[in-house]
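Asker: What follows is a structure written as structure tokens; I'll ask about it next.
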Number of protein chains: 4
Amino acid sequence: MTVKKNFYSDNVSGAAPEVLEALVAANAGDTAPYGADPVTEGLAARFSDLFETPVEVYPVGTGTAANGLCASILSAPYGAIYLSDAGHLHGSECGGPEFWSGGNARTVPVATVDGRLQPGDLARLADEALARPATEVPPRAVSITQGTEAGTVYSLAEVRAIVEVARARNLLVHMDGARLANAVARLGCTPAEATWRLGVDLLSFGATKNGALTAEAVVIFNRELAASVRYRRRRAGHLFSKMRFLSVQLDAIVRDGLWLRNAAHANAMAQRIRDGLARIPGVRFPSPTEINLVLVALPQPVWDGLVADGYSFSRRGPMKDGVIRIACAFDTPVEAVDALLEAAYRHAGLSGGARVNGTAATPSAAPPSPPSPASRRG
Amino acid sequence: MTVKKNFYSDNVSGAAPEVLEALVAANAGDTAPYGADPVTEGLAARFSDLFETPVEVYPVGTGTAANGLCASILSAPYGAIYLSDAGHLHGSECGGPEFWSGGNARTVPVATVDGRLQPGDLARLADEALARPATEVPPRAVSITQGTEAGTVYSLAEVRAIVEVARARNLLVHMDGARLANAVARLGCTPAEATWRLGVDLLSFGATKNGALTAEAVVIFNRELAASVRYRRRRAGHLFSKMRFLSVQLDAIVRDGLWLRNAAHANAMAQRIRDGLARIPGVRFPSPTEINLVLVALPQPVWDGLVADGYSFSRRGPMKDGVIRIACAFDTPVEAVDALLEAAYRHAGLSGGARVNGTAATPSAAPPSPPSPASRRG
Amino acid sequence: MTVKKNFYSDNVSGAAPEVLEALVAANAGDTAPYGADPVTEGLAARFSDLFETPVEVYPVGTGTAANGLCASILSAPYGAIYLSDAGHLHGSECGGPEFWSGGNARTVPVATVDGRLQPGDLARLADEALARPATEVPPRAVSITQGTEAGTVYSLAEVRAIVEVARARNLLVHMDGARLANAVARLGCTPAEATWRLGVDLLSFGATKNGALTAEAVVIFNRELAASVRYRRRRAGHLFSKMRFLSVQLDAIVRDGLWLRNAAHANAMAQRIRDGLARIPGVRFPSPTEINLVLVALPQPVWDGLVADGYSFSRRGPMKDGVIRIACAFDTPVEAVDALLEAAYRHAGLSGGARVNGTAATPSAAPPSPPSPASRRG
Amino acid sequence: MTVKKNFYSDNVSGAAPEVLEALVAANAGDTAPYGADPVTEGLAARFSDLFETPVEVYPVGTGTAANGLCASILSAPYGAIYLSDAGHLHGSECGGPEFWSGGNARTVPVATVDGRLQPGDLARLADEALARPATEVPPRAVSITQGTEAGTVYSLAEVRAIVEVARARNLLVHMDGARLANAVARLGCTPAEATWRLGVDLLSFGATKNGALTAEAVVIFNRELAASVRYRRRRAGHLFSKMRFLSVQLDAIVRDGLWLRNAAHANAMAQRIRDGLARIPGVRFPSPTEINLVLVALPQPVWDGLVADGYSFSRRGPMKDGVIRIACAFDTPVEAVDALLEAAYRHAGLSGGARVNGTAATPSAAPPSPPSPASRRG
């Protein structure tokens with residue numbers, strides 16, 4: 001078997017074995033369609049356990065669907081959603097919020113620091129809009145991505161500060177949790193502590209990037225917002241007739257902590273890449289590496305050499321000025337990481353000694369000890 | 001194992017083994033996301049072969065998504081879509097066309113005969129609207145369901161007649177083919193003969209009801225209509241990041257004629273139920289049984305008895321006045337059909353002799369010989 | 001001056017002198033734009049007086065805007081509005097409700113009796129939809145046109161019966177009052193009795209057909225529905241910068257009972273036409289004449305003759321089978337009515353004696369005594 | 001009569017006498033509704049003459065309607081419109097573009113220099129989006145405001161440079177001409193030279209701010225874009241039944257050059273204010289004064305004094321850091337301008353001599369000689 005060279009995204013992987021097995025097992029027998037099957041009906045209880053509070057859970061096929069569905073609720077009857085200018089919801093979903101809301105939502109992009117929306121910016125921009133009620137789209141919500149598109153996480157205190165700004169202006173709070181697992185694994189907190197206990201109203205819960213095939217979920221903490229979800233999902237074609245096949249993916253991913261184990265591994269592999277690349281002179285990291293994404297600007301010979309070797313990375317999203325994104329997944333082998341580092345060293349002209357003292361000194365794929373930077377900020 | 005008693009819909013089944021195996025096989029290794037994988041990229045060629053003409057193919061998660069996506073294209077920049085008053089697109093998708101089109105589509109329901117839209121009605125209604133251009137929503141398209149919600153099929157001549165009415169009024173033609181396989185199996189024609197050779201512009205190609213897990217496709221014959229599909233699908237959340245998992249389902253279902261074998265079996269089982277129930281005095285069939293759906297009004301004791309036995313049928317959709325729908329699927333065992341008939345006879349008080357002369361005379365589950373009624377009408 | 005021959009609609013007239021004078025008077029001086037002028041700010045008080053209850057009033061430019069704005073509120077977050085199949089909102093506004101609601105509204109046309117929606121039909125159709133919550137667009141509202149497109153009025157009891165059906169199903173109630181003045185004049189009741197005391201939540205208040213130039217208003221009785229109106233109106237371009245020019249029209253039309261005097265005259269002229277035409281053998285009236293519209297099928301020679309004379313009538317809307325609509329306005333001269341009748345008699349070959357005994361016996365344009373038929377039904 | 005103190009906007013004025021007279025004259029007699037009257041039907045010819053090319057003209061009630069209607073066409077089937085971050089279309093119409101397009105339009109605000117969009121910024125931003133076709137809202141159009149919200153005009157060369165960038169990327173070009181008259185008067189060019197000869201496809205033609213009551217128009221140079229306008233206007237409630245009352249305003253405003261005379265006077269009054277205020281030490285002008293708007297930051301005592309005197313200015317829109325907007329209109333008396341300046345001098349503590357040498361030296365309200373700065377840049 002060839003060594004993995006595709007670090008383009010965490011969605012180039014297939015599904016985790018546990019999820020695939022659950023899917024196969026779910027195939028047997030007849031069951032009620034459109035979500036009236038037992039697994040789907042049990043999801044609310046399973047996620048309520050996970051989040052330690054009663055929630056409603058609506059499986060959908062993709063993160064764009066989860067975000068769009070949330071956007072349509074957040075903006076009703078109509079209004080603006082403030083979010084990171086690198087936010088997937090704003091720049092990577094072909095205008096999903098406008099579509100899902102029937103033209104009722106406007107996304108307002110806000111510049112970020114290390115991928116994190118700053119509460120002061122939110123306050124200022126929302127206040128400017130609120131001061132012009134007759135003409136401006138009224139602010140209704142803020143959406144934060146946890147972990148961020150820049151490979152960072154918001155500390156709990158940072159989320160809390162944003163929620164405070166939002167609450168003071170009567171804005172709802174959405175969390176785009178496409179990589180919530182990676183963030184929770186990094187923060188070392190509980191799912192509850194990372195979400196509703198901070199004041200999050202709606203969550204796009206990601207599973208696909210973390211080991212599922214095609215399943216995400218809208219998780220509703222603020223249940224007053226749930227009234228129209230069923231209809232909205234149906235008309236958009238995300239109420240699957242054989243819904244069991246989505247629900248078992250979500251069930252399997254959160255069962256026995258699989259989601260956090262998968263995410264912790266992906267995070268550790270990214271950290272290993274970060275640490276290894278840091279040894280190369282001229283390498284520049286525009287932001288910290290706190291989850292499974294490494295944003296990095298490589299010296300030209302290293303970049304050219306890796307591309308010639310067949311490696312694949314992303315240059316989309318928040319990356320500019322030669323910055324690429326290296327994404328690790330739940331199934332990224334440590335051998336593949338080390339092979340990548342070896343290749344980078346080779347193209348950088350680093351001697352073998354440096355290499356021995358470098359990655360060779362990291363003996364295993366065990367997750368690193370609890371991360372200090374994020375905790376310190378939390 | 002218990003005998004199947006769930007005849008509620010053809011989507012109460014799981015997936016066909018061939019499809020599930022293809023899905024599992026597709027899990028290995030990394031691949032490009034968002035449809036840049038080889039299987040997805042090969043779908044256009046596969047479907048072009050199937051339909052004997054160059055087509056574009058866009059996998060989506062559900063039939064509602066396929067129909068909604070088509071509706072948004074059909075109605076642009078805005079207009080009315082004429083369709084059966086029992087059409088899924090009109091009455092079973094929570095206003096999907098309005099949603100997908102951003103308020104640009106209106107569906108105009110038309111009464112049908114045996115589930116089939118009549119060309120004369122289409123002509124009359126469209127002409128009335130065209131006569132009021134300043135005030136009425138302009139007619140843009142007709143959508144026909146093949147096979148219909150009433151368990152019937154349009155003959156090729158009937159489709160042709162509708163297309164002629166449409167073309168004369170500059171209307172586009174959409175086919176909701178959630179059960180296209182069942183119709184093609186029934187008609188004994190080629191997929192090309194059933195669709196674009198008659199003038200169909202856009203097709204919602206169904207797979208889920210016929211052995212897939214969660215896959216349908218928009219097939220575009222009139223490629224001038226394709227320009228916006230990619231964007232529309234993306235923003236609605238039907239461009240799956242791990243798109244290979246949808247595409248292999250579609251690939252497997254049309255490979256080696258699996259889709260037609262599955263459909264022919266489901267059709268045969270429905271015919272067997274129809275023939276069997278016809279022996280019960282007082283049974284009434286509101287429409288012919290030409291695909292895998294039997295619409296039937298049962299005597300009250302038979303209905304009560306079957307429900308008490310744990311049988312499940314549908315009373316939704318075009319059924320009124322005590323009519324239920326009995327749906328057979330690709331995996332409906334002949335034993336389950338015979339058990340259902342036995343139970344019905346019992347509740348009807350029919351003697352054993354009648355039963356022997358009835359279903360016992362049908363020796364096997366082999367598909368019936370080519371159907372004559374539909375061919376005669378074709 | 002030539003005698004009026006244009007009976008096509010009640011909007012072929014210009015404005016009433018009182019309204020035009022108010023407009024000219026309003027031109028002097030600077031004033032705050034966007035509705036912050038004194039006349040606009042006083043409209044709520046004026047209409048609250050008129051309706052004997054606190055209301056909110058939002059001027060807009062057209063009836064389509066008033067109806068569309070109402071539809072967007074009625075259907076939120078999304079749902080179906082039941083209305084007459086001849087309803088302007090459904091068939092004469094190019095899909096306004098879908099547009100204004102961003103695809104959230106569906107209008108469901110219901111057959112009527114003499115232009116009046118029947119409560120039993122509303123109950124049956126809404127109940128059918130409510131029984132299919134997972135698939136059908138949910139019923140949210142009923143909209144009735146008072147007076148109707150057929151030239152009739154709902155009695156107060158008839159409105160009450162519809163409201164009862166609506167309330168029992170949690171539906172909001174909208175009244176399209178493009179000709180509310182004509183209906184109130186006919187019913188001989190107060191504006192309050194005709195609207196909110198019966199349970200009407202939202203009203204499209206018509207002025208243009210009744211003597212204004214370009215002004216209508218959304219009147220909100222159920223003030224819980226008002227939150228989003230200001231924004232919705234603004235984005236649709238119906239918050240006029242020089243709003244005073246709309247508001248003075250509305251102010252003038254309801255001042256000193258002008259709206260009812262105008263409407264009563266139009267009603268009387270229609271009644272005079274009805275009574276006069278009834279003398280012609282072969283004339284057929286498909287519905288009663290209770291407001292300012294006469295629906296009538298004329299013998300072919302009469303129709304041909306009047307057209308040759310240069311008369312203009314409408315054949316749009318609810319008219320079929322040779323039925324035309326003759327519309328009278330606030331400024332229709334009695335002489336023009338009599339000239340029309342004379343011409344019709346002439347084309348019908350009626351002798352002078354018949355004519356003398358006919359219209360000549362009606363000596364003046366004074367409004368007729370209080371109408372008995374509608375009151376009887378009220 | 002009191003001296004005008006309301007400089008808040010150019011829409012605080014009433015209508016020009018010529019327009020009001022035309023409106024009153026249009027009231028007589030019956031005419032066909034919904035734009036089938038002779039004046040409306042003659043508008044296309046009148047505007048084709050004005051612009052020296054065949055155009056289509058669609059009157060609407062407000063500038064927001066004109067812009068929204070254009071946005072819905074520009075963005076179809078869906079896409080992004082690039083425009084000034086101070087653009088009315090983006091920030092002052094409550095999300096009009098999203099609404100009018102049913103969620104198909106996104107406005108992308110771009111920072112400006114003196115209110116003018118820079119072609120280089122447009123090129124860069126559009127290219128970034130075009131490089132991400134699978135995820136980003138596709139660029140479809142650019143919209144420029146002529147004259148700008150900052151009181152400046154684009155030279156013809158500047159418009160041409162933007163059009164070149166747009167054409168190279170297949171973008172349509174819209175001009176928001178709410179103050180086109182002021183710009184044309186300033187530029188000293190023909191309407192044709194200012195618009196379609198530069199490549200403008202669609203124009204929002206403003207009249208209300210320049211002497212009309214409630215009339216604007218969509219002028220279509222690129223007639224391929226006209227197909228859906230009629231429907232879009234109708235459903236939004238901007239096809240007025242008594243359309244003559246809008247059309248005569250447009251007819252009167254462009255007849256005999258009234259629009260340019262009105263605009264030139266407003267421009268001259270603004271120039272007079274600019275020149276006068278420039279004498280006050282500490283006054284700061286953030287941008288040139290090229291049309292009828294003066295953006296200025298006044299010393300605090302001057303501001304406080306004027307407010308105490310009852311003067312009214314705008315602080316909305318592109319103004320920050322103490323900058324206010326002083327707007328002159330077609331009917332702003334020179335005496336009112338001089339009174340304003342006198343008051344400002346008084347609050348600034350300027351001696352009478354300065355005043356005599358200042359505004360007193362400008363003897364009349366005659367329009368200034370042809371402006372050199374804009375011509376020089378043209």
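As shown in the structure tokens, the chain order sets the letters A, B, ...; within each chain, residues go from 1, and ligands are also counted from 1 in the order they appear.
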Env of His90 of chain B: 12 Å cut, atoms = only C-alpha atoms, seq-sep filter 2 positions within chain, self excluded. Answer as a VMD selection string.

Answerer: (chain A and resid 235) or (chain B and resid 64 67 to 68 71 80 to 88 92 to 99 105 to 110 142 to 145 149 176 317 to 318) or (chain C and resid 106 108 135 to 137)

Asker: Quick one: residues within 10 Å of Gly29 of chain B, only C-alpha atoms, excluding same-chain residues fewer than 2 positions away - as a PDB file with N, CA, C and O atoms, in the first residue's frame?

Answerer:
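The resulting file, out-v6.pdb, is shown below:
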ATOM      1  N   MET A   1       0.842  -1.216   0.000  1.00  0.00           N
ATOM      2  CA  MET A   1       0.000   0.000   0.000  1.00  0.00           C
ATOM      3  C   MET A   1       0.871   1.259   0.000  1.00  0.00           C
ATOM      4  O   MET A   1       1.883   1.313   0.683  1.00  0.00           O
ATOM      5  N   THR A   2       0.453   2.236  -0.741  1.00  0.00           N
ATOM      6  CA  THR A   2       1.219   3.471  -0.796  1.00  0.00           C
ATOM      7  C   THR A   2       0.973   4.293   0.458  1.00  0.00           C
ATOM      8  O   THR A   2      -0.077   4.184   1.098  1.00  0.00           O
ATOM      9  N   LYS A   4       0.061   7.582   2.451  1.00  0.00           N
ATOM     10  CA  LYS A   4      -0.844   8.711   2.215  1.00  0.00           C
ATOM     11  C   LYS A   4      -0.055   9.978   1.876  1.00  0.00           C
ATOM     12  O   LYS A   4       0.877  10.359   2.596  1.00  0.00           O
ATOM     13  N   ASN A   6      -2.106  12.636   0.526  1.00  0.00           N
ATOM     14  CA  ASN A   6      -3.183  13.589   0.332  1.00  0.00           C
ATOM     15  C   ASN A   6      -3.539  14.273   1.660  1.00  0.00           C
ATOM     16  O   ASN A   6      -4.227  13.685   2.507  1.00  0.00           O
ATOM     17  N   VAL A  12     -10.850  13.968   2.621  1.00  0.00           N
ATOM     18  CA  VAL A  12     -10.373  13.062   1.565  1.00  0.00           C
ATOM     19  C   VAL A  12     -10.384  11.618   2.053  1.00  0.00           C
ATOM     20  O   VAL A  12     -10.227  10.685   1.259  1.00  0.00           O
ATOM     21  N   SER A  13     -10.563  11.436   3.344  1.00  0.00           N
ATOM     22  CA  SER A  13     -10.603  10.087   3.915  1.00  0.00           C
ATOM     23  C   SER A  13     -11.956   9.431   3.676  1.00  0.00           C
ATOM     24  O   SER A  13     -12.948  10.112   3.420  1.00  0.00           O
ATOM     25  N   GLY A  14     -11.984   8.125   3.824  1.00  0.00           N
ATOM     26  CA  GLY A  14     -13.246   7.412   3.877  1.00  0.00           C
ATOM     27  C   GLY A  14     -13.819   7.510   5.279  1.00  0.00           C
ATOM     28  O   GLY A  14     -13.524   8.458   6.013  1.00  0.00           O
ATOM     29  N   ALA A  15     -14.632   6.526   5.631  1.00  0.00           N
ATOM     30  CA  ALA A  15     -15.274   6.542   6.937  1.00  0.00           C
ATOM     31  C   ALA A  15     -14.492   5.679   7.920  1.00  0.00           C
ATOM     32  O   ALA A  15     -13.762   4.762   7.528  1.00  0.00           O
ATOM     33  N   ASP A 331      -7.727   9.220  10.414  1.00  0.00           N
ATOM     34  CA  ASP A 331      -7.015   8.011   9.986  1.00  0.00           C
ATOM     35  C   ASP A 331      -5.641   8.324   9.394  1.00  0.00           C
ATOM     36  O   ASP A 331      -5.061   7.471   8.713  1.00  0.00           O
TER      37      ASP A 331
ATOM     38  N   ALA B  25     -16.735  -1.072  -0.557  1.00  0.00           N
ATOM     39  CA  ALA B  25     -15.490  -1.101  -1.330  1.00  0.00           C
ATOM     40  C   ALA B  25     -14.949   0.298  -1.579  1.00  0.00           C
ATOM     41  O   ALA B  25     -13.730   0.498  -1.657  1.00  0.00           O
ATOM     42  N   ALA B  26     -15.852   1.260  -1.669  1.00  0.00           N
ATOM     43  CA  ALA B  26     -15.428   2.627  -1.974  1.00  0.00           C
ATOM     44  C   ALA B  26     -14.785   3.319  -0.787  1.00  0.00           C
ATOM     45  O   ALA B  26     -14.245   4.417  -0.921  1.00  0.00           O
ATOM     46  N   ASN B  27     -14.836   2.690   0.358  1.00  0.00           N
ATOM     47  CA  ASN B  27     -14.338   3.354   1.571  1.00  0.00           C
ATOM     48  C   ASN B  27     -12.819   3.414   1.641  1.00  0.00           C
ATOM     49  O   ASN B  27     -12.253   4.250   2.348  1.00  0.00           O
ATOM     50  N   THR B  31      -9.379  10.116  -1.437  1.00  0.00           N
ATOM     51  CA  THR B  31      -9.752  10.552  -2.778  1.00  0.00           C
ATOM     52  C   THR B  31     -10.159  12.015  -2.719  1.00  0.00           C
ATOM     53  O   THR B  31     -10.434  12.546  -1.639  1.00  0.00           O
TER      54      THR B  31
END

Asker: Show me which bits of chain C are within 7 Å of chain A, counting only C-alpha atoms, as a VMD selection string.

Answerer: chain C and resid 77 102 to 103 228

Asker: What would the file look like if the residues just selected were written as a PDB file, in the first residue's frame with C-alpha atoms?

Answerer:
ATOM      1  CA  PRO C  77     -41.947  31.225   8.806  1.00  0.00           C
ATOM      2  CA  GLY C 102     -39.048  34.607  -0.435  1.00  0.00           C
ATOM      3  CA  GLY C 103     -40.649  31.315  -1.389  1.00  0.00           C
ATOM      4  CA  SER C 228     -41.154  42.986  10.607  1.00  0.00           C
TER       5      SER C 228
END

Asker: Atom CA of Asn210 of chain D to atom CA of Gly188 of chain D: how many Å, to one decimal?

Answerer: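 Between these atoms lies a distance of 17.2 Å.
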
Asker: So how far away is atom CA of Val159 of chain B from atom CA of Phe47 of chain B, in Å?

Answerer: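 Atom CA of Val159 of chain B lies at a distance of 21.5 Å from atom CA of Phe47 of chain B.
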
Asker: Please indicate the distance in Å from atom CA of Glu41 of chain C to atom CA of Val337 of chain D, rounded to one decimal place.

Answerer: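 According to the coordinates, atom CA of Glu41 of chain C and atom CA of Val337 of chain D are separated by 29.0 Å.
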
Asker: List the spatial neighbours of Leu250 of chain C as a PDB file with N, CA and C atoms, in the first residue's frame - criterion: any atom at most 9 Å away, only C-alpha atoms, same-chain residues fewer than 4 positions off excluded.

Answerer:
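Result written to result-v8.pdb:
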ATOM      1  N   VAL C  19     -58.808  64.566  -2.987  1.00  0.00           N
ATOM      2  CA  VAL C  19     -57.500  63.934  -2.809  1.00  0.00           C
ATOM      3  C   VAL C  19     -56.432  64.725  -3.549  1.00  0.00           C
ATOM      4  N   LEU C  43     -51.144  59.186  10.690  1.00  0.00           N
ATOM      5  CA  LEU C  43     -52.054  58.220  10.061  1.00  0.00           C
ATOM      6  C   LEU C  43     -52.541  57.164  11.041  1.00  0.00           C
ATOM      7  N   PRO C  59     -48.532  52.872   4.756  1.00  0.00           N
ATOM      8  CA  PRO C  59     -48.853  53.188   3.358  1.00  0.00           C
ATOM      9  C   PRO C  59     -47.908  52.458   2.403  1.00  0.00           C
ATOM     10  N   ALA C 207     -57.430  52.318  -1.555  1.00  0.00           N
ATOM     11  CA  ALA C 207     -57.846  53.703  -1.762  1.00  0.00           C
ATOM     12  C   ALA C 207     -57.800  54.075  -3.241  1.00  0.00           C
ATOM     13  N   ALA C 212     -58.158  57.705  -4.803  1.00  0.00           N
ATOM     14  CA  ALA C 212     -56.774  58.121  -4.606  1.00  0.00           C
ATOM     15  C   ALA C 212     -56.019  57.983  -5.929  1.00  0.00           C
ATOM     16  N   ALA C 215     -52.258  55.174  -3.742  1.00  0.00           N
ATOM     17  CA  ALA C 215     -52.026  54.887  -2.325  1.00  0.00           C
ATOM     18  C   ALA C 215     -52.936  53.780  -1.815  1.00  0.00           C
ATOM     19  N   GLU C 216     -52.318  52.863  -1.122  1.00  0.00           N
ATOM     20  CA  GLU C 216     -53.026  51.821  -0.403  1.00  0.00           C
ATOM     21  C   GLU C 216     -52.364  51.719   0.968  1.00  0.00           C
ATOM     22  N   ALA C 217     -52.887  50.890   1.838  1.00  0.00           N
ATOM     23  CA  ALA C 217     -52.248  50.777   3.151  1.00  0.00           C
ATOM     24  C   ALA C 217     -52.439  49.381   3.712  1.00  0.00           C
ATOM     25  N   LEU C 246     -47.952  60.027  -0.370  1.00  0.00           N
ATOM     26  CA  LEU C 246     -48.884  58.910  -0.233  1.00  0.00           C
ATOM     27  C   LEU C 246     -49.832  59.148   0.938  1.00  0.00           C
ATOM     28  N   VAL C 254     -60.068  59.161   3.804  1.00  0.00           N
ATOM     29  CA  VAL C 254     -60.897  58.734   4.940  1.00  0.00           C
ATOM     30  C   VAL C 254     -61.439  59.921   5.723  1.00  0.00           C
ATOM     31  N   ARG C 255     -60.985  61.107   5.384  1.00  0.00           N
ATOM     32  CA  ARG C 255     -61.462  62.294   6.109  1.00  0.00           C
ATOM     33  C   ARG C 255     -62.922  62.578   5.745  1.00  0.00           C
TER      34      ARG C 255
END
